[in-house]
Amino acid sequence: MTQLPETSEKKLGLVIDLDTCVGCHACVTACKGWNTENYGAPLSDMDAYGSNPSGTFLNRVHSYEVEPRAGGCSQTVHFPKSCLHCDDAPCVTVCPTGASYKRQEDGIVLVEEDACIGCGLCAWACPYGARELDLAAGVMKKCTLCVDRIYNENLPEEDRIPACVRTCPAGARHFGDLGDPSSEVSMLVAERGGFDLMPEQGTQPTNKYLPPRPKDQLPDMDVLSPALEPVAGEPKGFLKWLDKALEAI
Amino acid sequence: MHPAPSVIVFTVLSGLGFGLLSFLGLGLPQVTGWEAFFYFALAFALAVGGLVASTFHLGNPQRALKAFTQWKTSWLSREAWLSSLALVAMGLYAFAAVFLDISAGLLGWLGAALSVATVVATSMIYAQLMTVPRWNHWLTPLHLLTLSLAGGAILAQQSAVALALLVVAGIVQILHWVLGDRRFEERGHTIESATGLGDIGAARLFEPPHTGTNYLLKEMVHVVGRKHAQKLRVIAFVFMIVLPIAVLILLPQGIVSAALAILCYLIGTFASRWLFFAEAEHVVGLYYGARSAQAVAG
Ligand code: SF4
Ligand code: SF4
Ligand code: SF4
């Protein structure tokens, strides 16, 4: 049903730390791997070994350069982006078939692939580019928040988190309940000033981003100058005598 | 947005078809028998042909019937309902007019209302998208509706109405272009709001997430050269508005003038609709540095 649930108390989602992400794309690969072998149609590639390869991904990492307004050197920010599981998800309400839906019990936004006609309207409605139509299957693919891992009792406990979170070597991705203010992720967001992407679109994303910390600033000095400075202003001892003797000549 | 031929053909032809059906439903012109047959055959061919073309861009068209289920929230679903209801109502009306020589007034009014509603629903699919600021405005339904009714009036040979509608459609088209050009900035979407990095300073794309292309870039990040677009706007406006008006005023009313006027109208409307998609920028382009790239390209 494409009517949004009135509220979902539990809001499962991700918190992505732009300060620690090193841009290794491990989450991209882990996501592609898990979601090709599990939930729904595999994430296909087109012309994979040809000259113009492309493919379906549910998570992609952009990299930006930010020039600090306060001065100092530019920062490179690696920026992973997947579905933000928005509270007011425009991708859900536009769907004509009911294939797109938001779960009342945990707020996860999913696509029922057997009902999807592949019209692509939901991808148009998403501001974040979080939905990609799989060209082999003709159905809409998006991040499932690894719904087939997080509740999966066949997996060891430590693996019951999204594949991208599990794999991240830098600990830049956190998973939890953002509807519960006392959860670890909510506290992290509060402490670090987590923010929404494109808040002016009114989508109320569940996923939050943690800002990169400002870089260290070098004190203003000439790096070579300590080596060039005279050791002492006035010669003392033997040097003082030598100085005088030479002057007398 | 990618100007997909299937969607351009669909919106232009079915818009014209439902425009004609609106006039036929109102009894303008009041036709029966063979004459009615030709009018209705043309209207249905356009409306249904357009709807069929629209299924060409679906990934799984065999499940299209499911699109009737979500009319409570989805304009696409409402369009499916309204277009079907309009075709059924006008189909019955046409049957009565062609074979029984009756023109069933009330049914025609209903069919006309449903035909207009169909065009509005189609345009709302675009107008509802906050992600495409150029479309996200009440001018969008007005734009598509005035054009479809103007075309319908030309085909229905209602010269006076057609002239008035063409003038209105022309004004709305210009407003849609001029105001649309500014809307992206007005909404305040920037690469900084998209990434949330604006608090630090000015951001630019350093590396895209993939070296090749992908669905998002093909579908939503279509960049047209500005000069190119200006030329096409002139061509679109001349063919869509100016020439049909000239034909209707200068030539005596009849099949020949209607055919000539509609030919110009179609050329111009296809150009206008191509621009409608090609010039529409989706906010996701910001993540790919699209706006900054465009600014550099001039
Ligand atoms: S990020 Fe996009 S796809 Fe995900 S819920 Fe929000 S609008 Fe929908
Ligand atoms: S592509 Fe599928 S999920 Fe998306 S709006 Fe169309 S039918 Fe719904
Ligand atoms: S939660 Fe799962 S589906 Fe979503 S981005 Fe991470 S790995 Fe991919």
# chains A, B, ... in the order shown; residues from 1 in each chain; ligands from 1

$ interface_residues --of "chain B" --to "chain A" --cutoff "7 Å" --atoms "only C-alpha atoms" --output "ChimeraX atom specification"
/B:57-61,63-64,66-70,73-77,129-131,193-196,200-209,212-216,283-284

$ residues_around --residues "segment 124-126 of chain B" --least-positions-apart "4" --cutoff "8 Å" --atoms "only C-alpha atoms" --output "list in words"
Trp75, Leu76, Val120, Trp135, Asn136, Thr140 and Pro141 of chain B

$ select_by_dssp --residues "segment 173-220 of chain B" --states "alpha helix (DSSP H)" --output "ChimeraX atom specification"
/B:173-187,191-195,215-220

$ write_last_selection --atoms "C-alpha atoms" --output "PDB file, in the first residue's frame"
ATOM      1  CA  GLN B 173       3.946  28.407 -22.396  1.00  0.00           C
ATOM      2  CA  ILE B 174       6.027  31.581 -22.176  1.00  0.00           C
ATOM      3  CA  LEU B 175       5.344  31.905 -18.440  1.00  0.00           C
ATOM      4  CA  HIS B 176       6.259  28.256 -17.953  1.00  0.00           C
ATOM      5  CA  TRP B 177       9.585  28.843 -19.690  1.00  0.00           C
ATOM      6  CA  VAL B 178      10.479  32.162 -18.098  1.00  0.00           C
ATOM      7  CA  LEU B 179       9.413  31.363 -14.541  1.00  0.00           C
ATOM      8  CA  GLY B 180      10.716  27.809 -14.897  1.00  0.00           C
ATOM      9  CA  ASP B 181      14.201  29.084 -15.684  1.00  0.00           C
ATOM     10  CA  ARG B 182      14.429  30.632 -12.215  1.00  0.00           C
ATOM     11  CA  ARG B 183      12.723  28.030 -10.111  1.00  0.00           C
ATOM     12  CA  PHE B 184      15.729  25.853  -9.283  1.00  0.00           C
ATOM     13  CA  GLU B 185      17.579  28.789  -7.716  1.00  0.00           C
ATOM     14  CA  GLU B 186      14.447  30.022  -5.995  1.00  0.00           C
ATOM     15  CA  ARG B 187      14.029  26.714  -4.218  1.00  0.00           C
ATOM     16  CA  ILE B 191      25.391  21.140  -3.773  1.00  0.00           C
ATOM     17  CA  GLU B 192      25.897  22.462  -0.233  1.00  0.00           C
ATOM     18  CA  SER B 193      22.322  21.683   0.868  1.00  0.00           C
ATOM     19  CA  ALA B 194      22.514  18.322  -0.901  1.00  0.00           C
ATOM     20  CA  THR B 195      25.688  17.275   0.891  1.00  0.00           C
ATOM     21  CA  TYR B 215      20.549   4.694 -14.530  1.00  0.00           C
ATOM     22  CA  LEU B 216      20.412   7.941 -12.575  1.00  0.00           C
ATOM     23  CA  LEU B 217      22.624   9.857 -14.991  1.00  0.00           C
ATOM     24  CA  LYS B 218      20.841   8.529 -18.069  1.00  0.00           C
ATOM     25  CA  GLU B 219      17.375   9.110 -16.683  1.00  0.00           C
ATOM     26  CA  MET B 220      17.721  12.300 -14.677  1.00  0.00           C
TER      27      MET B 220
END

$ residues_near_ligand --ligand "ligand 3" --cutoff "9 Å" --atoms "only C-alpha atoms and all ligand atoms" --output "PyMOL selection string"
chain A and resi 13-14+27-35+57-60+80-83+142-149+161-167+173+175

$ write_last_selection --atoms "N, CA, C and O atoms" --output "CSV table (one decimal), in the first residue's frame"
chain,number,residue,atom,x,y,z
A,13,GLY,N,17.7,2.7,10.8
A,13,GLY,CA,18.4,3.5,9.8
A,13,GLY,C,19.9,3.5,10.0
A,13,GLY,O,20.4,2.8,10.9
A,14,LEU,N,20.6,4.3,9.2
A,14,LEU,CA,22.1,4.3,9.3
A,14,LEU,C,22.5,5.7,9.7
A,14,LEU,O,21.8,6.7,9.4
A,27,CYS,N,31.9,-0.7,1.3
A,27,CYS,CA,30.5,-0.9,1.6
A,27,CYS,C,29.7,-1.1,0.3
A,27,CYS,O,28.7,-1.8,0.2
A,28,VAL,N,30.2,-0.4,-0.8
A,28,VAL,CA,29.6,-0.5,-2.1
A,28,VAL,C,29.7,-2.0,-2.6
A,28,VAL,O,28.7,-2.5,-3.0
A,29,THR,N,30.8,-2.6,-2.4
A,29,THR,CA,31.1,-3.9,-2.9
A,29,THR,C,30.3,-4.9,-2.0
A,29,THR,O,29.7,-5.9,-2.5
A,30,ALA,N,30.3,-4.7,-0.7
A,30,ALA,CA,29.6,-5.6,0.2
A,30,ALA,C,28.1,-5.6,0.0
A,30,ALA,O,27.5,-6.6,-0.1
A,31,CYS,N,27.6,-4.4,-0.3
A,31,CYS,CA,26.2,-4.2,-0.6
A,31,CYS,C,25.8,-4.9,-1.8
A,31,CYS,O,24.8,-5.7,-1.9
A,32,LYS,N,26.6,-4.7,-2.9
A,32,LYS,CA,26.3,-5.3,-4.2
A,32,LYS,C,26.4,-6.9,-4.0
A,32,LYS,O,25.5,-7.6,-4.5
A,33,GLY,N,27.4,-7.4,-3.3
A,33,GLY,CA,27.5,-8.8,-3.1
A,33,GLY,C,26.3,-9.4,-2.4
A,33,GLY,O,25.7,-10.3,-2.9
A,34,TRP,N,26.0,-8.8,-1.2
A,34,TRP,CA,24.9,-9.4,-0.4
A,34,TRP,C,23.6,-9.3,-1.2
A,34,TRP,O,22.8,-10.3,-1.2
A,35,ASN,N,23.3,-8.2,-1.8
A,35,ASN,CA,22.0,-8.0,-2.4
A,35,ASN,C,21.9,-8.6,-3.8
A,35,ASN,O,20.8,-8.7,-4.4
A,57,PHE,N,23.5,-0.4,-8.4
A,57,PHE,CA,24.1,-0.4,-7.1
A,57,PHE,C,23.1,0.3,-6.1
A,57,PHE,O,22.3,1.1,-6.5
A,58,LEU,N,23.1,-0.2,-4.8
A,58,LEU,CA,22.2,0.4,-3.9
A,58,LEU,C,22.9,1.4,-3.0
A,58,LEU,O,22.3,2.0,-2.1
A,59,ASN,N,24.1,1.5,-3.1
A,59,ASN,CA,25.0,2.3,-2.3
A,59,ASN,C,26.1,2.8,-3.1
A,59,ASN,O,26.8,2.0,-3.7
A,60,ARG,N,26.4,4.1,-3.1
A,60,ARG,CA,27.5,4.6,-3.9
A,60,ARG,C,28.2,5.7,-3.1
A,60,ARG,O,27.6,6.4,-2.3
A,80,PRO,N,29.3,8.4,1.3
A,80,PRO,CA,28.5,7.3,0.9
A,80,PRO,C,27.0,7.6,0.9
A,80,PRO,O,26.6,8.4,1.8
A,81,LYS,N,26.2,7.1,0.0
A,81,LYS,CA,24.8,7.5,-0.1
A,81,LYS,C,24.0,6.3,-0.5
A,81,LYS,O,24.3,5.6,-1.5
A,82,SER,N,23.0,6.0,0.3
A,82,SER,CA,22.1,4.9,0.0
A,82,SER,C,20.7,5.4,0.4
A,82,SER,O,20.6,6.5,0.9
A,83,CYS,N,19.7,4.6,0.3
A,83,CYS,CA,18.3,5.1,0.7
A,83,CYS,C,18.3,5.6,2.2
A,83,CYS,O,18.9,4.9,3.0
A,142,LYS,N,16.4,-0.9,-4.5
A,142,LYS,CA,16.9,0.1,-3.6
A,142,LYS,C,17.4,-0.6,-2.3
A,142,LYS,O,17.1,-1.8,-2.1
A,143,CYS,N,18.1,0.2,-1.5
A,143,CYS,CA,18.6,-0.3,-0.2
A,143,CYS,C,17.4,-0.9,0.6
A,143,CYS,O,16.4,-0.3,0.8
A,144,THR,N,17.6,-2.2,1.1
A,144,THR,CA,16.6,-2.8,1.9
A,144,THR,C,16.9,-2.7,3.4
A,144,THR,O,16.3,-3.3,4.2
A,145,LEU,N,17.9,-1.9,3.7
A,145,LEU,CA,18.5,-1.9,5.0
A,145,LEU,C,18.9,-3.3,5.5
A,145,LEU,O,18.9,-3.6,6.6
A,146,CYS,N,19.2,-4.1,4.4
A,146,CYS,CA,19.5,-5.5,4.7
A,146,CYS,C,18.5,-6.2,5.6
A,146,CYS,O,18.9,-6.8,6.6
A,147,VAL,N,17.2,-6.0,5.2
A,147,VAL,CA,16.2,-6.6,6.1
A,147,VAL,C,16.3,-8.1,6.2
A,147,VAL,O,15.8,-8.7,7.1
A,148,ASP,N,17.0,-8.7,5.2
A,148,ASP,CA,17.2,-10.2,5.3
A,148,ASP,C,18.5,-10.5,6.1
A,148,ASP,O,18.9,-11.7,6.1
A,149,ARG,N,19.1,-9.6,6.7
A,149,ARG,CA,20.2,-9.9,7.6
A,149,ARG,C,19.8,-9.5,9.1
A,149,ARG,O,20.1,-10.3,10.0
A,161,ILE,N,23.6,-7.3,11.2
A,161,ILE,CA,23.6,-5.8,10.9
A,161,ILE,C,23.8,-5.7,9.4
A,161,ILE,O,24.2,-6.7,8.7
A,162,PRO,N,23.5,-4.6,8.8
A,162,PRO,CA,23.6,-4.5,7.3
A,162,PRO,C,25.0,-4.8,6.9
A,162,PRO,O,26.0,-4.6,7.6
A,163,ALA,N,25.1,-5.3,5.6
A,163,ALA,CA,26.4,-5.8,5.1
A,163,ALA,C,27.4,-4.6,5.0
A,163,ALA,O,28.6,-4.8,5.3
A,164,CYS,N,26.9,-3.4,4.7
A,164,CYS,CA,27.8,-2.3,4.5
A,164,CYS,C,28.4,-1.9,5.8
A,164,CYS,O,29.5,-1.5,5.9
A,165,VAL,N,27.6,-2.0,6.9
A,165,VAL,CA,28.0,-1.6,8.2
A,165,VAL,C,29.0,-2.6,8.7
A,165,VAL,O,30.1,-2.3,9.3
A,166,ARG,N,28.7,-3.9,8.5
A,166,ARG,CA,29.6,-5.0,8.9
A,166,ARG,C,30.9,-4.9,8.3
A,166,ARG,O,31.9,-5.2,8.9
A,167,THR,N,31.0,-4.5,7.0
A,167,THR,CA,32.2,-4.5,6.3
A,167,THR,C,33.1,-3.3,6.5
A,167,THR,O,34.3,-3.4,6.2
A,173,ARG,N,30.1,3.6,9.4
A,173,ARG,CA,28.7,3.4,9.2
A,173,ARG,C,28.1,2.8,10.5
A,173,ARG,O,28.7,1.8,11.0
A,175,PHE,N,24.5,1.4,12.5
A,175,PHE,CA,23.1,1.0,12.3
A,175,PHE,C,22.4,1.0,13.6
A,175,PHE,O,22.9,0.6,14.7

$ select_by_dssp --residues "segment 4-78 of chain A" --states "strand (DSSP E or B)" --output "PyMOL selection string"
chain A and resi 12-17+45-46+54-55+59-68+75-78

$ atom_distance --atom1 "atom 6 (Fe, counted along the ligand's line) of ligand 1" --atom2 "atom CA of His210 of chain B"
21.3 Å

$ atom_distance --atom1 "atom CA of Ala127 of chain B" --atom2 "atom CA of Trp71 of chain B"
16.7 Å

$ closest_residue --among "B:Thr146, B:Leu65, B:Gly268, B:Ala290" --to "ligand 2" --atoms "only C-alpha atoms and all ligand atoms"
B:Leu65
